file protein03.txt (compact mmCIF, C-alpha atoms and all ligand atoms)
# COMPACT_ATOMS: atom_id res chain seq x y z
CA MET U 1 2.59 -10.88 -13.06
CA GLU U 2 4.03 -7.68 -14.38
CA VAL U 3 3.22 -3.97 -14.12
CA THR U 4 4.98 -1.41 -16.33
CA VAL U 5 6.01 2.04 -15.22
CA ASN U 6 5.58 3.93 -18.50
CA LEU U 7 8.23 6.58 -18.88
CA GLY U 8 9.15 6.41 -22.56
CA GLN U 9 12.71 5.17 -22.96
CA ARG U 10 13.05 4.88 -19.19
CA SER U 11 10.04 2.58 -18.83
CA TYR U 12 10.63 -0.43 -16.64
CA PRO U 13 8.87 -3.57 -15.48
CA VAL U 14 7.83 -4.43 -11.94
CA LEU U 15 7.77 -8.22 -11.66
CA ILE U 16 5.53 -9.44 -8.84
CA ASP U 17 5.16 -12.98 -7.55
CA GLN U 18 5.85 -15.38 -4.72
CA GLY U 19 9.27 -17.04 -4.72
CA ILE U 20 10.87 -15.29 -7.70
CA ALA U 21 13.96 -13.90 -5.93
CA GLY U 22 15.99 -17.01 -6.81
CA THR U 23 15.50 -16.28 -10.50
CA LEU U 24 17.06 -12.80 -10.26
CA PRO U 25 20.47 -13.85 -11.71
CA ALA U 26 18.83 -15.28 -14.84
CA ILE U 27 16.53 -12.27 -15.25
CA ILE U 28 19.15 -9.58 -14.82
CA SER U 29 21.88 -11.40 -16.78
CA GLU U 30 19.50 -11.45 -19.70
CA LYS U 31 18.73 -7.75 -19.33
CA PHE U 32 22.35 -6.78 -18.59
CA PRO U 33 24.64 -9.35 -20.25
CA ASN U 34 28.32 -9.37 -19.25
CA ARG U 35 27.99 -6.74 -16.53
CA ARG U 36 29.30 -6.48 -13.00
CA PHE U 37 26.73 -6.19 -10.24
CA ALA U 38 27.01 -4.65 -6.77
CA VAL U 39 24.37 -5.95 -4.37
CA VAL U 40 23.66 -3.49 -1.56
CA THR U 41 21.89 -4.82 1.51
CA ASN U 42 21.98 -4.38 5.27
CA THR U 43 23.25 -6.56 8.11
CA THR U 44 19.77 -7.84 9.08
CA ILE U 45 18.76 -8.92 5.59
CA ALA U 46 22.20 -10.37 4.91
CA GLY U 47 21.59 -12.60 7.96
CA TYR U 48 18.07 -13.72 7.05
CA TYR U 49 18.78 -14.25 3.37
CA LYS U 50 22.34 -15.59 3.36
CA SER U 51 21.53 -18.60 1.19
CA LEU U 52 19.72 -16.44 -1.39
CA ILE U 53 22.68 -14.04 -1.55
CA ASP U 54 25.08 -17.01 -1.85
CA LEU U 55 23.00 -18.23 -4.79
CA TRP U 56 23.15 -14.82 -6.46
CA GLU U 57 26.91 -14.63 -5.90
CA LYS U 58 27.34 -18.06 -7.49
CA ASN U 59 25.35 -17.11 -10.56
CA LEU U 60 26.37 -13.49 -11.14
CA ASP U 61 29.60 -11.52 -11.35
CA CYS U 62 28.71 -9.66 -8.19
CA SER U 63 30.07 -8.12 -5.00
CA LEU U 64 28.18 -7.63 -1.78
CA ILE U 65 28.06 -4.29 0.07
CA THR U 66 26.51 -4.59 3.52
CA ILE U 67 25.51 -1.38 5.29
CA PRO U 68 24.34 -1.04 8.91
CA ASP U 69 20.60 -1.41 9.57
CA GLY U 70 18.48 1.61 10.42
CA GLU U 71 17.21 5.00 9.29
CA GLN U 72 20.01 6.59 11.37
CA TYR U 73 22.46 5.20 8.80
CA LYS U 74 20.63 6.69 5.82
CA THR U 75 23.36 9.31 5.68
CA ILE U 76 25.93 10.92 3.44
CA ASP U 77 28.58 8.82 5.23
CA THR U 78 26.91 5.52 4.32
CA TRP U 79 26.29 6.74 0.77
CA LYS U 80 29.99 7.67 0.54
CA SER U 81 31.02 4.24 1.83
CA ILE U 82 29.10 2.64 -1.06
CA LEU U 83 30.75 4.99 -3.57
CA ASP U 84 34.17 4.30 -2.01
CA PHE U 85 33.62 0.57 -2.47
CA LEU U 86 32.51 0.98 -6.09
CA LEU U 87 35.50 3.20 -6.91
CA GLU U 88 38.09 1.13 -5.04
CA ASN U 89 36.85 -2.03 -6.74
CA ARG U 90 36.85 -0.39 -10.15
CA PHE U 91 33.18 -0.65 -10.96
CA GLU U 92 32.34 1.05 -14.24
CA ARG U 93 29.55 2.91 -15.97
CA SER U 94 28.26 -0.40 -17.32
CA SER U 95 27.97 -1.85 -13.80
CA VAL U 96 24.60 -2.34 -12.12
CA VAL U 97 23.56 -1.82 -8.49
CA VAL U 98 21.03 -4.20 -6.96
CA ALA U 99 19.23 -2.89 -3.84
CA LEU U 100 18.10 -5.77 -1.63
CA GLY U 101 16.16 -4.41 1.32
CA GLY U 102 13.52 -2.06 2.61
CA GLY U 103 13.10 1.61 1.82
CA VAL U 104 16.30 2.64 3.56
CA VAL U 105 18.52 0.32 1.50
CA GLY U 106 16.54 1.12 -1.66
CA ASP U 107 16.79 4.89 -1.21
CA ILE U 108 20.49 4.93 -0.38
CA ALA U 109 21.56 2.35 -2.97
CA GLY U 110 19.41 4.15 -5.54
CA PHE U 111 21.12 7.44 -4.70
CA ALA U 112 24.54 5.78 -4.96
CA ALA U 113 23.53 4.48 -8.42
CA ALA U 114 22.21 7.94 -9.36
CA SER U 115 25.47 9.62 -8.49
CA PHE U 116 28.20 7.05 -9.27
CA LEU U 117 29.93 8.11 -12.52
CA ARG U 118 26.96 10.46 -13.10
CA GLY U 119 24.47 7.61 -12.95
CA ILE U 120 24.44 3.86 -13.49
CA PRO U 121 21.47 1.47 -13.66
CA TYR U 122 20.00 -0.16 -10.59
CA VAL U 123 17.47 -2.85 -9.79
CA GLN U 124 15.19 -2.79 -6.76
CA VAL U 125 14.47 -5.98 -4.81
CA PRO U 126 12.21 -4.75 -1.97
CA THR U 127 12.00 -6.87 1.18
CA THR U 128 9.50 -4.85 3.25
CA LEU U 129 5.84 -4.31 2.45
CA LEU U 130 6.43 -0.55 2.40
CA ALA U 131 9.19 -0.90 -0.17
CA MET U 132 7.08 -3.27 -2.28
CA VAL U 133 4.07 -0.97 -2.57
CA ASP U 134 5.83 2.38 -2.46
CA SER U 135 9.54 3.13 -2.28
CA SER U 136 10.86 0.65 -4.88
CA ILE U 137 8.75 2.25 -7.59
CA GLY U 138 9.00 5.82 -8.78
CA GLY U 139 12.68 6.67 -8.69
CA LYS U 140 12.88 8.84 -5.58
CA THR U 141 16.31 8.24 -4.08
CA ALA U 142 17.79 10.06 -1.10
CA VAL U 143 19.71 10.23 2.12
CA ASP U 144 18.79 12.17 5.24
CA HIS U 145 20.49 15.31 6.58
CA PRO U 146 20.50 16.52 10.21
CA MET U 147 18.07 19.25 8.99
CA GLY U 148 15.52 16.69 7.83
CA LYS U 149 14.65 13.45 6.09
CA ASN U 150 15.39 12.81 2.40
CA LEU U 151 16.81 16.28 1.87
CA ILE U 152 19.66 15.14 -0.39
CA GLY U 153 18.81 12.96 -3.34
CA ALA U 154 17.81 12.59 -6.95
CA PHE U 155 15.11 11.23 -9.16
CA HIS U 156 16.66 8.13 -10.73
CA GLN U 157 14.33 5.42 -11.95
CA PRO U 158 15.31 1.78 -11.47
CA SER U 159 15.70 -0.41 -14.56
CA MET U 160 13.55 -3.06 -12.95
CA THR U 161 11.83 -3.86 -9.68
CA LEU U 162 11.42 -7.47 -8.60
CA VAL U 163 8.82 -7.99 -5.88
CA ASP U 164 8.94 -11.39 -4.17
CA THR U 165 6.24 -11.51 -1.50
CA ASN U 166 7.97 -14.45 0.22
CA PHE U 167 10.27 -11.89 1.87
CA LEU U 168 7.28 -10.81 3.98
CA ALA U 169 7.40 -14.06 5.96
CA THR U 170 10.27 -12.75 8.09
CA LEU U 171 9.08 -9.15 8.41
CA PRO U 172 8.37 -8.12 12.03
CA HIS U 173 4.72 -7.25 12.83
CA ARG U 174 5.25 -3.52 13.34
CA GLU U 175 7.11 -3.24 10.03
CA PHE U 176 4.32 -5.15 8.31
CA ILE U 177 1.68 -2.77 9.68
CA SER U 178 3.82 0.21 8.72
CA GLY U 179 3.90 -1.00 5.11
CA TYR U 180 0.24 -1.92 5.24
CA ALA U 181 -0.54 1.74 5.96
CA GLU U 182 0.78 2.64 2.51
CA LEU U 183 -1.22 -0.17 0.91
CA PHE U 184 -4.37 1.00 2.73
CA LYS U 185 -3.63 4.55 1.54
CA TYR U 186 -4.28 3.52 -2.07
CA GLY U 187 -7.89 2.89 -1.00
CA PHE U 188 -8.28 6.69 -0.67
CA ILE U 189 -6.67 7.63 -3.99
CA GLY U 190 -6.92 4.59 -6.28
CA GLY U 191 -10.61 4.67 -7.18
CA LYS U 192 -13.80 3.13 -5.78
CA ASP U 193 -12.76 -0.38 -6.76
CA THR U 194 -9.63 -0.17 -4.59
CA PHE U 195 -11.63 1.37 -1.73
CA ASN U 196 -13.98 -1.63 -1.84
CA PHE U 197 -11.11 -4.10 -2.26
CA ILE U 198 -9.52 -2.81 0.94
CA LEU U 199 -12.82 -3.14 2.80
CA GLU U 200 -13.32 -6.71 1.60
CA GLU U 201 -9.79 -8.07 1.93
CA ASN U 202 -8.48 -6.09 4.89
CA GLU U 203 -8.61 -8.91 7.42
CA ALA U 204 -7.13 -11.52 5.08
CA MET U 205 -4.28 -9.20 4.14
CA LEU U 206 -3.58 -8.42 7.78
CA LYS U 207 -3.29 -12.18 8.35
CA ARG U 208 -0.73 -12.18 5.51
CA GLU U 209 -2.85 -14.57 3.45
CA SER U 210 -0.81 -14.91 0.32
CA ILE U 211 -3.42 -14.56 -2.46
CA PRO U 212 -5.23 -11.43 -1.23
CA LEU U 213 -1.94 -9.88 -0.13
CA LEU U 214 -0.39 -10.49 -3.54
CA ASP U 215 -3.48 -8.94 -5.11
CA GLY U 216 -3.32 -5.92 -2.79
CA ILE U 217 0.37 -5.43 -3.54
CA ARG U 218 -0.19 -5.72 -7.30
CA ARG U 219 -3.07 -3.20 -7.19
CA SER U 220 -0.97 -0.78 -5.13
CA ILE U 221 1.95 -1.06 -7.54
CA GLN U 222 -0.36 -0.52 -10.52
CA ILE U 223 -1.77 2.66 -8.96
CA LYS U 224 1.67 3.98 -8.06
CA ALA U 225 2.98 3.11 -11.55
CA ASN U 226 0.08 5.00 -13.16
CA VAL U 227 0.67 8.06 -11.00
CA VAL U 228 4.45 8.08 -11.59
CA SER U 229 3.95 7.57 -15.34
CA GLU U 230 1.74 10.70 -15.42
CA ASP U 231 3.69 12.90 -13.03
CA GLU U 232 7.23 11.59 -12.60
CA PHE U 233 8.68 14.75 -11.04
CA GLU U 234 5.67 15.71 -8.91
CA THR U 235 5.02 18.88 -10.91
CA LYS U 236 1.44 18.23 -12.02
CA GLY U 237 -0.23 17.69 -8.66
CA LEU U 238 -1.03 14.02 -9.27
CA ARG U 239 1.99 12.49 -7.53
CA ALA U 240 1.24 14.64 -4.50
CA LEU U 241 -1.82 12.42 -3.93
CA LEU U 242 0.54 9.62 -2.90
CA ASN U 243 1.14 11.72 0.19
CA PHE U 244 -2.40 11.19 1.47
CA GLY U 245 -2.17 11.46 5.27
CA HIS U 246 1.51 12.37 5.08
CA THR U 247 1.39 16.08 6.05
CA PHE U 248 -0.01 14.94 9.39
CA ALA U 249 2.24 11.87 9.51
CA HIS U 250 5.48 13.80 9.07
CA SER U 251 4.66 16.10 11.98
CA ILE U 252 3.73 13.10 14.15
CA GLU U 253 7.07 11.45 13.30
CA ARG U 254 8.87 14.68 14.18
CA PHE U 255 6.92 15.04 17.45
CA PHE U 256 8.31 11.64 18.46
CA ASN U 257 11.83 12.56 17.24
CA PHE U 258 11.67 10.10 14.34
CA GLU U 259 12.45 7.37 16.86
CA GLN U 260 9.48 5.89 18.64
CA VAL U 261 6.96 5.81 15.80
CA LEU U 262 7.45 4.13 12.43
CA HIS U 263 6.62 6.09 9.30
CA GLY U 264 3.62 3.93 8.37
CA GLU U 265 2.32 4.00 11.94
CA ALA U 266 2.28 7.80 11.68
CA VAL U 267 0.60 7.51 8.26
CA ILE U 268 -2.26 5.54 9.86
CA TRP U 269 -2.90 8.41 12.26
CA GLY U 270 -2.39 10.82 9.38
CA MET U 271 -5.12 9.10 7.38
CA LEU U 272 -7.53 9.40 10.32
CA CYS U 273 -6.72 13.14 10.44
CA ALA U 274 -7.08 13.58 6.66
CA CYS U 275 -10.54 11.99 6.72
CA ALA U 276 -11.59 14.10 9.71
CA LEU U 277 -10.37 17.18 7.82
CA GLY U 278 -12.42 16.08 4.80
CA GLU U 279 -15.49 15.95 7.03
CA LYS U 280 -14.71 19.22 8.75
CA THR U 281 -14.16 21.15 5.53
CA GLY U 282 -17.03 19.46 3.72
CA THR U 283 -15.06 17.79 0.92
CA ILE U 284 -16.65 14.48 1.94
CA PRO U 285 -20.36 14.68 1.08
CA GLN U 286 -22.74 13.99 3.97
CA GLU U 287 -24.07 10.80 2.37
CA MET U 288 -20.56 9.32 2.08
CA ARG U 289 -19.63 9.71 5.73
CA SER U 290 -20.78 6.25 6.72
CA ALA U 291 -18.61 4.71 3.96
CA TYR U 292 -15.60 6.53 5.43
CA LYS U 293 -16.48 5.51 8.96
CA ASN U 294 -16.69 1.93 7.74
CA ILE U 295 -13.26 1.90 6.08
CA LEU U 296 -11.60 3.74 8.98
CA ASP U 297 -12.98 1.13 11.38
CA HIS U 298 -10.77 -1.36 9.49
CA LEU U 299 -7.56 0.62 9.98
CA PRO U 300 -5.10 -1.16 12.30
CA VAL U 301 -4.48 1.89 14.49
CA PRO U 302 -1.30 1.49 16.57
CA ALA U 303 -0.89 2.97 20.04
CA LEU U 304 1.30 6.08 20.28
CA PRO U 305 3.85 6.54 23.10
CA SER U 306 1.86 9.55 24.37
CA VAL U 307 -0.85 11.95 23.22
CA PRO U 308 0.85 14.45 20.89
CA ASP U 309 0.24 18.15 21.42
CA ALA U 310 -1.98 19.59 18.67
CA SER U 311 -0.31 23.01 18.45
CA LYS U 312 3.17 21.48 18.24
CA LEU U 313 2.00 19.12 15.50
CA TYR U 314 0.61 22.09 13.62
CA SER U 315 3.83 24.08 13.90
CA TYR U 316 5.92 21.10 12.73
CA MET U 317 3.89 20.92 9.54
CA PHE U 318 5.58 24.10 8.32
CA SER U 319 9.01 22.47 8.20
CA ASP U 320 7.81 19.72 5.87
CA LYS U 321 9.60 19.90 2.54
CA LYS U 322 6.23 19.82 0.77
CA VAL U 323 5.35 23.29 2.11
CA SER U 324 5.19 25.70 -0.82
CA SER U 325 5.54 29.51 -0.31
CA GLY U 326 4.76 29.02 3.38
CA LYS U 327 1.40 27.42 2.57
CA LEU U 328 0.35 24.03 3.90
CA ARG U 329 -0.99 21.54 1.44
CA PHE U 330 -3.44 18.86 2.53
CA ILE U 331 -4.74 15.90 0.61
CA VAL U 332 -8.35 15.43 1.56
CA PRO U 333 -10.85 12.76 0.53
CA THR U 334 -13.86 13.60 -1.61
CA LEU U 335 -15.56 10.37 -2.68
CA PRO U 336 -14.58 6.78 -1.84
CA GLY U 337 -11.28 6.18 -3.63
CA GLN U 338 -10.80 9.83 -4.60
CA SER U 339 -8.90 12.68 -3.00
CA ILE U 340 -7.79 16.18 -3.93
CA VAL U 341 -4.98 18.53 -2.95
CA LYS U 342 -6.27 21.55 -0.99
CA LYS U 343 -4.17 24.59 -0.12
CA ASP U 344 -6.79 26.89 1.42
CA ILE U 345 -7.51 25.12 4.69
CA ASN U 346 -7.45 27.41 7.69
CA GLU U 347 -5.50 26.92 10.88
CA ALA U 348 -8.59 26.63 13.09
CA ASP U 349 -9.91 23.67 11.10
CA VAL U 350 -6.57 21.83 11.25
CA LEU U 351 -6.20 22.47 14.98
CA SER U 352 -9.74 21.35 15.62
CA VAL U 353 -9.12 18.09 13.73
CA LEU U 354 -5.85 17.49 15.59
CA SER U 355 -7.52 18.09 18.95
CA SER U 356 -10.38 15.76 18.10
CA ILE U 357 -8.08 12.91 16.98
CA PHE U 358 -5.43 13.32 19.67
CA LYS U 359 -7.21 13.54 22.98
CA ALA U 360 -6.38 11.87 26.26
CA ASP U 361 -8.86 9.12 27.23
P1 LIG T 401 13.57 -0.13 6.54
O1 LIG T 401 14.20 -0.17 5.23
O2 LIG T 401 14.29 0.54 7.65
O3 LIG T 401 13.18 -1.62 6.98
C1 LIG T 401 12.55 -1.81 8.20
C2 LIG T 401 13.25 -2.88 9.05
O4 LIG T 401 12.91 -4.17 8.54
C3 LIG T 401 14.76 -2.80 9.03
O5 LIG T 401 15.24 -3.12 10.31
C4 LIG T 401 15.14 -3.88 8.04
O6 LIG T 401 16.44 -4.39 8.24
C5 LIG T 401 14.10 -4.92 8.31
N1 LIG T 401 13.78 -5.80 7.20
C6 LIG T 401 13.67 -5.48 5.90
N2 LIG T 401 13.21 -6.51 5.20
C7 LIG T 401 13.07 -7.53 6.06
C8 LIG T 401 12.60 -8.85 5.93
N3 LIG T 401 12.17 -9.34 4.77
N4 LIG T 401 12.61 -9.63 7.02
C9 LIG T 401 12.99 -9.13 8.23
N5 LIG T 401 13.41 -7.88 8.42
C10 LIG T 401 13.44 -7.09 7.34
O7 LIG T 401 12.12 0.58 6.47
P2 LIG T 401 11.03 0.70 5.33
O8 LIG T 401 9.76 0.94 6.05
O9 LIG T 401 11.10 -0.39 4.34
O10 LIG T 401 11.46 2.01 4.56
C11 LIG T 401 11.47 3.26 5.19
C12 LIG T 401 12.32 4.18 4.34
O11 LIG T 401 11.74 4.30 3.05
C13 LIG T 401 12.42 5.59 4.90
O12 LIG T 401 13.76 5.99 4.85
C14 LIG T 401 11.59 6.43 3.92
O13 LIG T 401 12.08 7.74 3.80
C15 LIG T 401 11.77 5.66 2.65
N6 LIG T 401 10.68 5.83 1.67
C16 LIG T 401 11.03 6.13 0.40
C17 LIG T 401 10.06 6.29 -0.57
C18 LIG T 401 10.46 6.56 -1.98
O14 LIG T 401 9.58 6.81 -2.81
N7 LIG T 401 11.72 6.48 -2.33
C19 LIG T 401 8.71 6.12 -0.24
C20 LIG T 401 8.37 5.81 1.08
C21 LIG T 401 9.38 5.66 2.04
N1 LIG T 402 6.14 8.05 -1.66
C1 LIG T 402 5.72 9.17 -2.43
C2 LIG T 402 6.24 9.19 -3.82
O1 LIG T 402 6.86 8.27 -4.29
O2 LIG T 402 6.02 10.15 -4.49

call {"tool": "encode", "arguments": {"input": "protein03.txt", "output": "structure tokens", "more": "lines below"}}
Ligand code: NAD
Ligand code: GLY
result
Amino acid sequence: MEVTVNLGQRSYPVLIDQGIAGTLPAIISEKFPNRRFAVVTNTTIAGYYKSLIDLWEKNLDCSLITIPDGEQYKTIDTWKSILDFLLENRFERSSVVVALGGGVVGDIAGFAAASFLRGIPYVQVPTTLLAMVDSSIGGKTAVDHPMGKNLIGAFHQPSMTLVDTNFLATLPHREFISGYAELFKYGFIGGKDTFNFILEENEAMLKRESIPLLDGIRRSIQIKANVVSEDEFETKGLRALLNFGHTFAHSIERFFNFEQVLHGEAVIWGMLCACALGEKTGTIPQEMRSAYKNILDHLPVPALPSVPDASKLYSYMFSDKKVSSGKLRFIVPTLPGQSIVKKDINEADVLSVLSSIFKAD
């Protein structure tokens, strides 16, 4: 199956299926005949998928660049090491980068492609659920800086994204749940049909049943593709909806020093907070509250290392890069499957929500 991200001349396909990774050489040689390819991956994926990479190397004019595994390596140094390799090995403007990995590999390889010789094409092959439903679509590329996450980067759309759900078989449980948070998120912004789909297929997807999971991934990609097609550079307010739960999540991640809690785990807590804020501020109509309670009961809520302090969480929200003119921006639900961006929420309401969600037993 195929979803298109419609961006005029920069439109690109997202191919989605089980077991299609082996066909990558044929697909990209047809799209980019007579080119050199640089496959960027990390040490963990290079270990799990050695035979797949061997197959690609046999069938493509390609070199392998293996970076260390972990968000702590999503740095200018790692980005530079990729550029050094491309320059020393005389890659050219016609060359193509292939990012094989989760969001970290995708973001850093995408940023290397965005900046090498002022920009060369790249192809995303996501291997985590989070990368499949979120980071491999939309063209946000970046590295982290000691001052914060994703502070240095560029918008650079891939030329293609190839989603092979078979990669999920080796994904550790916590990483799966972290990606599932982003899939679940589309239930709050992707319309009533997606809200109901999540309710109906939640358990099957959590068991990694292939058909419902493939369907959930395809729906998520379609929603993200629609949003990106309408608001590529996040200037019209629509793309901001993809950050449902994220204002809370980023402060939770910061509270735990970006170490003990995975991004998607924080997003799960963030979605609980966003819905509580919708109730508190009245954006969720009274008669819809039971529908929200129902869907939230399906959220796989992970334990946190400790109960975070509400006032610290609130203060951390102001260092989020989404803060505009010192004003916090929250995405709050309205009706099942619909949310809006709200800028006029007062401190007392946010603190009250944080205290109600994060309380010691
Ligand atoms: P990740 O890339 O760190 O991958 C998580 C872990 O799973 C890593 O240890 C990785 O080696 C391992 N792994 C990956 N695929 C595997 C597989 N198939 N089998 C076994 N292990 C596997 O984390 P992530 O959650 O994919 O991505 C998080 C990153 O994505 C963050 O840096 C975040 O900023 C970024 N992100 C970017 C966007 C965007 O739009 N560009 C959106 C959301 C998140
Ligand atoms: N993950 C949010 C975005 O792509 O805009």

call {"tool": "residues_around", "arguments": {"input": "protein03.txt", "residues": "Ser319 in chain U", "least_positions_apart": "6", "cutoff": "10 Å", "atoms": "only C-alpha atoms", "output": "PyMOL selection string"}}
result
chain U and resi 147-148+250-251+254+326+328

call {"tool": "atom_distance", "arguments": {"input": "protein03.txt", "atom1": "CA of Ala38 in chain U", "atom2": "CA of Ile65 in chain U"}}
result
6.9 Å

call {"tool": "atom_distance", "arguments": {"input": "protein03.txt", "atom1": "CA of Leu15 in chain U", "atom2": "CA of Leu299 in chain U"}}
result
28.0 Å

call {"tool": "closest_residue", "arguments": {"input": "protein03.txt", "among": "U:Pro302, U:Ile295, U:Leu60, U:Leu277", "to": "Glu200 in chain U", "atoms": "only C-alpha atoms"}}
result
U:Ile295

call {"tool": "closest_atom_pairs", "arguments": {"input": "protein03.txt", "of": "chain U", "to": "ligand LIG 401 (chain T)", "cutoff": "6 Å", "atoms": "all atoms listed in the file", "output": "tab-separated table"}}
result
residue	atom	partner	partner_atom	distance
U:Thr44	CA	T:LIG401	O6	4.9
U:Ile45	CA	T:LIG401	O6	5.7
U:Asp69	CA	T:LIG401	O6	5.3
U:Gly70	CA	T:LIG401	O2	5.1
U:Glu71	CA	T:LIG401	O2	5.6
U:Gly101	CA	T:LIG401	N2	5.3
U:Gly102	CA	T:LIG401	O1	3.3
U:Gly103	CA	T:LIG401	O10	3.2
U:Val104	CA	T:LIG401	O1	3.9
U:Val105	CA	T:LIG401	O1	5.7
U:Asp107	CA	T:LIG401	N7	5.4
U:Thr127	CA	T:LIG401	N2	4.2
U:Thr128	CA	T:LIG401	N2	4.5
U:Leu130	CA	T:LIG401	O9	5.1
U:Ala131	CA	T:LIG401	O9	4.9
U:Asp134	CA	T:LIG401	C19	5.2
U:Ser135	CA	T:LIG401	C18	3.6
U:Lys140	CA	T:LIG401	N7	4.2
U:Thr141	CA	T:LIG401	N7	5.2
U:Phe167	CA	T:LIG401	N3	4.3
U:Leu168	CA	T:LIG401	N3	5.2
U:Thr170	CA	T:LIG401	N4	4.0
U:Leu171	CA	T:LIG401	N4	3.8
U:Glu175	CA	T:LIG401	C1	5.9

call {"tool": "residues_near_ligand", "arguments": {"input": "protein03.txt", "ligand": "ligand LIG 402 (chain T)", "cutoff": "8 Å", "atoms": "all atoms listed in the file", "output": "PDB file with C-alpha atoms, keeping the file's coordinate frame"}}
result
ATOM      1  CA  ASP U 134       5.830   2.380  -2.460  1.00  0.00           C
ATOM      2  CA  SER U 135       9.540   3.130  -2.280  1.00  0.00           C
ATOM      3  CA  ILE U 137       8.750   2.250  -7.590  1.00  0.00           C
ATOM      4  CA  GLY U 138       9.000   5.820  -8.780  1.00  0.00           C
ATOM      5  CA  GLY U 139      12.680   6.670  -8.690  1.00  0.00           C
ATOM      6  CA  LYS U 140      12.880   8.840  -5.580  1.00  0.00           C
ATOM      7  CA  LYS U 224       1.670   3.980  -8.060  1.00  0.00           C
ATOM      8  CA  VAL U 228       4.450   8.080 -11.590  1.00  0.00           C
ATOM      9  CA  GLU U 234       5.670  15.710  -8.910  1.00  0.00           C
ATOM     10  CA  ARG U 239       1.990  12.490  -7.530  1.00  0.00           C
ATOM     11  CA  ALA U 240       1.240  14.640  -4.500  1.00  0.00           C
ATOM     12  CA  LEU U 242       0.540   9.620  -2.900  1.00  0.00           C
ATOM     13  CA  ASN U 243       1.140  11.720   0.190  1.00  0.00           C
TER      14      ASN U 243
END

call {"tool": "closest_residue", "arguments": {"input": "protein03.txt", "among": "U:Val307, U:Ala154, U:Ile177, U:Ala348", "to": "Arg208 in chain U", "atoms": "all atoms listed in the file"}}
result
U:Ile177

call {"tool": "atom_distance", "arguments": {"input": "protein03.txt", "atom1": "CA of Leu87 in chain U", "atom2": "CA of Ala112 in chain U"}}
result
11.4 Å

call {"tool": "axis_aligned_box", "arguments": {"input": "protein03.txt", "around": "range 59-66 of chain U", "padding_each_side": "6 Å", "output": "JSON"}}
result
{"center_x": 27.7, "center_y": -10.7, "center_z": -3.9, "size_x": 16.7, "size_y": 24.8, "size_z": 26.9}

call {"tool": "residues_around", "arguments": {"input": "protein03.txt", "residues": "range 214-218 of chain U", "least_positions_apart": "5", "cutoff": "9 Å", "atoms": "only C-alpha atoms", "output": "list in words"}}
result
Met1, Glu2, Val3, Ile16, Asp17, Gln18, Leu129, Met132, Val133, Thr165, Leu183, Phe184, Thr194, Phe197, Ile198, Glu201, Met205, Glu209 and Ile223 of chain U

call {"tool": "closest_residue", "arguments": {"input": "protein03.txt", "among": "U:Gln286, U:Phe111, U:His298, U:Ala142", "to": "Ala181 in chain U", "atoms": "only C-alpha atoms"}}
result
U:His298

call {"tool": "closest_residue", "arguments": {"input": "protein03.txt", "among": "U:Ala249, U:Ile27, U:Ala225, U:Ala46", "to": "Asn6 in chain U", "atoms": "all atoms listed in the file"}}
result
U:Ala225

call {"tool": "residues_around", "arguments": {"input": "protein03.txt", "residues": "range 354-356 of chain U", "least_positions_apart": "6", "cutoff": "12 Å", "atoms": "all atoms listed in the file", "output": "list in words"}}
result
Phe248, Ala249, Ser251, Ile252, Trp269, Gly270, Met271, Leu272, Cys273, Ala274, Cys275, Ala276, Leu277, Lys280, Val307, Pro308, Asp309, Ala310, Ser311, Lys312, Leu313, Tyr314, Ser315, Met317, Glu347 and Ala348 of chain U

call {"tool": "residues_around", "arguments": {"input": "protein03.txt", "residues": "Gln124 in chain U", "least_positions_apart": "6", "cutoff": "8 Å", "atoms": "all atoms listed in the file", "output": "list in words"}}
result
Val98, Ala99, Leu100, Gly106, Ser136, Pro158, Met160, Thr161 and Leu162 of chain U

call {"tool": "residues_around", "arguments": {"input": "protein03.txt", "residues": "Val96 in chain U", "least_positions_apart": "6", "cutoff": "9 Å", "atoms": "only C-alpha atoms", "output": "list in words"}}
result
Phe32, Arg35, Arg36, Phe37, Ala38, Val39, Ala113, Ile120, Pro121, Tyr122 and Val123 of chain U

call {"tool": "closest_residue", "arguments": {"input": "protein03.txt", "among": "U:Gln222, U:Asn346, U:Gln72, U:Ser115", "to": "Phe155 in chain U", "atoms": "only C-alpha atoms"}}
result
U:Ser115

call {"tool": "closest_residue", "arguments": {"input": "protein03.txt", "among": "U:Pro146, U:Asn202, U:Val5, U:Leu335", "to": "Pro285 in chain U", "atoms": "all atoms listed in the file"}}
result
U:Leu335
